[in-house]
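All remarks here apply to the structure that follows.
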Amino acid sequence: MKNQAVANKNVSMIEGKEKPFVVKWDERRANWDSSLRPEKVGWQRAMLDPGVGGASFRMMALALPFGRSRPFHITPGAELFIFVLEGEMEWGIGPNVNNLEWFRLGKYDSLFVPNGFGTDYRNSGQVDAKYLVGFGRVGDNWPNTILWQLEGDDEPRAYDFKAWESVGKGK
């Protein structure tokens, strides 16, 4: 039986609280992110919706095409866990864009990002990268902003963070 929430094309996150549920890989759809700065095509990555979560964690499958990258950003109030499924990626982790420690991840490698640290990452391999990002909430509420620090910015800028919206209930 198919998850009703997965059949709903507008649901980007399924939240389960009382019952287990399954999201099959072939039921996922690519949700290409170009909302931050559409003219920056190199920034595109796809969330392979829907993400799944519970009361204090979220997990999303993502794809980053060959040659693409994402600029430095922080999700305040969350710890992150990255697990690479396919491809090779380089991740810069740090409290700001000027203080990054770089890590090279390949297939099945994982990386932990503490609360208060941001990420700058790129696909450094020869094929599209697929990866999982798990978010652990720090505090009572999920973050509602994301902080981007772009080249030339002295300070990070806050943007509304919509990834936690459109939450369906697991069946």
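Order determines the names: the first chain of the structure tokens is A, the second B, and so forth; residues in each chain are numbered 1 upward, and ligands are numbered 1 upward as they are shown.
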*Looking only at the backbone, which of the residues in chain A does DSSP tag as strand (DSSP E or B), as a PyMOL selection string?*
chain A and resi 13-15+29-33+45-49+51-53+57-64+69-74+78-86+89-94+101-105+110-113+118-123+129-137+145-148+157-160+167-169
*So which bits of chain A end up alpha helix (DSSP H) when you DSSP the backbone, as a PyMOL selection string?*
chain A and resi 4-7
Deliver the residues from the most recent selection as a file, using N, CA, C and O atoms, as a PDB file, in the first residue's frame.
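File again.pdb, as written:
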```
ATOM      1  N   GLN A   4      -0.105   7.573   1.535  1.00  0.00           N
ATOM      2  CA  GLN A   4      -0.946   8.605   0.958  1.00  0.00           C
ATOM      3  C   GLN A   4      -0.213   9.932   0.865  1.00  0.00           C
ATOM      4  O   GLN A   4      -0.389  10.673  -0.081  1.00  0.00           O
ATOM      5  N   ALA A   5       0.613  10.236   1.850  1.00  0.00           N
ATOM      6  CA  ALA A   5       1.335  11.502   1.842  1.00  0.00           C
ATOM      7  C   ALA A   5       2.329  11.561   0.693  1.00  0.00           C
ATOM      8  O   ALA A   5       2.577  12.613   0.135  1.00  0.00           O
ATOM      9  N   VAL A   6       2.928  10.416   0.313  1.00  0.00           N
ATOM     10  CA  VAL A   6       3.883  10.406  -0.785  1.00  0.00           C
ATOM     11  C   VAL A   6       3.171  10.691  -2.094  1.00  0.00           C
ATOM     12  O   VAL A   6       3.697  11.370  -2.965  1.00  0.00           O
ATOM     13  N   ALA A   7       1.943  10.220  -2.243  1.00  0.00           N
ATOM     14  CA  ALA A   7       1.183  10.462  -3.459  1.00  0.00           C
ATOM     15  C   ALA A   7       0.852  11.949  -3.615  1.00  0.00           C
ATOM     16  O   ALA A   7       0.653  12.419  -4.726  1.00  0.00           O
TER      17      ALA A   7
END
```
*Could you pull the residues within 12 Å of A:Arg137, counting only C-alpha atoms, minus those fewer than 3 positions along the same chain, as a list in words?*
Gly53, Gly54, Ala55, Ser56, Phe57, Arg58, Met59, Thr75, Pro76, Gly77, Ala78, Glu79, Leu80, Phe81, Pro114, Asn115, Gly116, Gly134, Asp140, Asn141, Trp142, Pro143, Asn144 and Trp164 of chain A
*asked:* Which residues are near stretch 117-128 of chain A? Cut-off 8 Å, only C-alpha atoms, ignore same chain within fewer than 5 positions. Put them as a list in words.
replied: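 What passes the distance filter is Ala63, Leu64, Pro65, Phe66, Gly67, Arg68, Ser69, Arg70, Pro71, Phe72, His73, Ile74, Thr75, Glu86, Gly87, Glu88, Met89, Glu90, Trp91, Gly92, Ile93, Gly94, Pro95, Asn96 and Val97 of chain A.
Here atom CA of A:Thr145 and atom CA of A:Ser110 stand 25.0 Å from one another.
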*asked:* For a quick check of understanding, using only C-alpha atoms, which of A:Tyr159, A:Val52, A:Leu62, A:Asn99 has the smallest distance to A:Lys17?
replied: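 For A:Lys17, the nearest of the given residues is A:Val52.
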*Could you check how far atom CA of A:Lys130 sits from atom CA of A:Asn31, in Å to one decimal?*
13.6 Å
*Just how far from atom CA of A:Asn98 is atom CA of A:Asp153, in Å to one decimal?*
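These two atoms are separated by 10.9 Å.
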*Near A:Met47, within 9 Å and counting only C-alpha atoms, which residues show up once chain neighbours fewer than 6 positions away are dropped, as a ChimeraX atom specification?*
/A:12,29-33,60-63
Atoms kept (N, CA and C atoms) for selection, written as a compact mmCIF listing (two decimals), in the first residue's frame:
```txt
# COMPACT_ATOMS: atom_id res chain seq x y z
N SER A 12 6.63 17.86 1.20
CA SER A 12 8.09 17.75 1.13
C SER A 12 8.65 17.00 2.33
N ARG A 29 10.61 12.09 -5.49
CA ARG A 29 10.65 12.95 -6.67
C ARG A 29 11.68 14.05 -6.43
N ALA A 30 12.34 14.46 -7.47
CA ALA A 30 13.35 15.51 -7.36
C ALA A 30 12.67 16.87 -7.25
N ASN A 31 13.02 17.60 -6.20
CA ASN A 31 12.53 18.96 -5.98
C ASN A 31 13.75 19.86 -6.11
N TRP A 32 13.95 20.42 -7.31
CA TRP A 32 15.15 21.21 -7.59
C TRP A 32 15.09 22.53 -6.89
N ASP A 33 16.13 22.85 -6.14
CA ASP A 33 16.20 24.07 -5.35
C ASP A 33 16.87 25.17 -6.16
N MET A 60 16.72 13.89 5.02
CA MET A 60 16.43 14.18 3.63
C MET A 60 17.44 13.50 2.73
N ALA A 61 16.95 12.99 1.62
CA ALA A 61 17.83 12.48 0.56
C ALA A 61 18.02 13.62 -0.43
N LEU A 62 19.25 13.81 -0.90
CA LEU A 62 19.55 14.90 -1.82
C LEU A 62 20.43 14.43 -2.95
N ALA A 63 20.43 15.20 -4.03
CA ALA A 63 21.31 14.93 -5.17
C ALA A 63 22.00 16.23 -5.55
```
*Which residue, A:Pro50, A:Val23, A:Gly152, A:Leu147, has the smallest gap to A:Val11 when you use only C-alpha atoms?*
A:Pro50
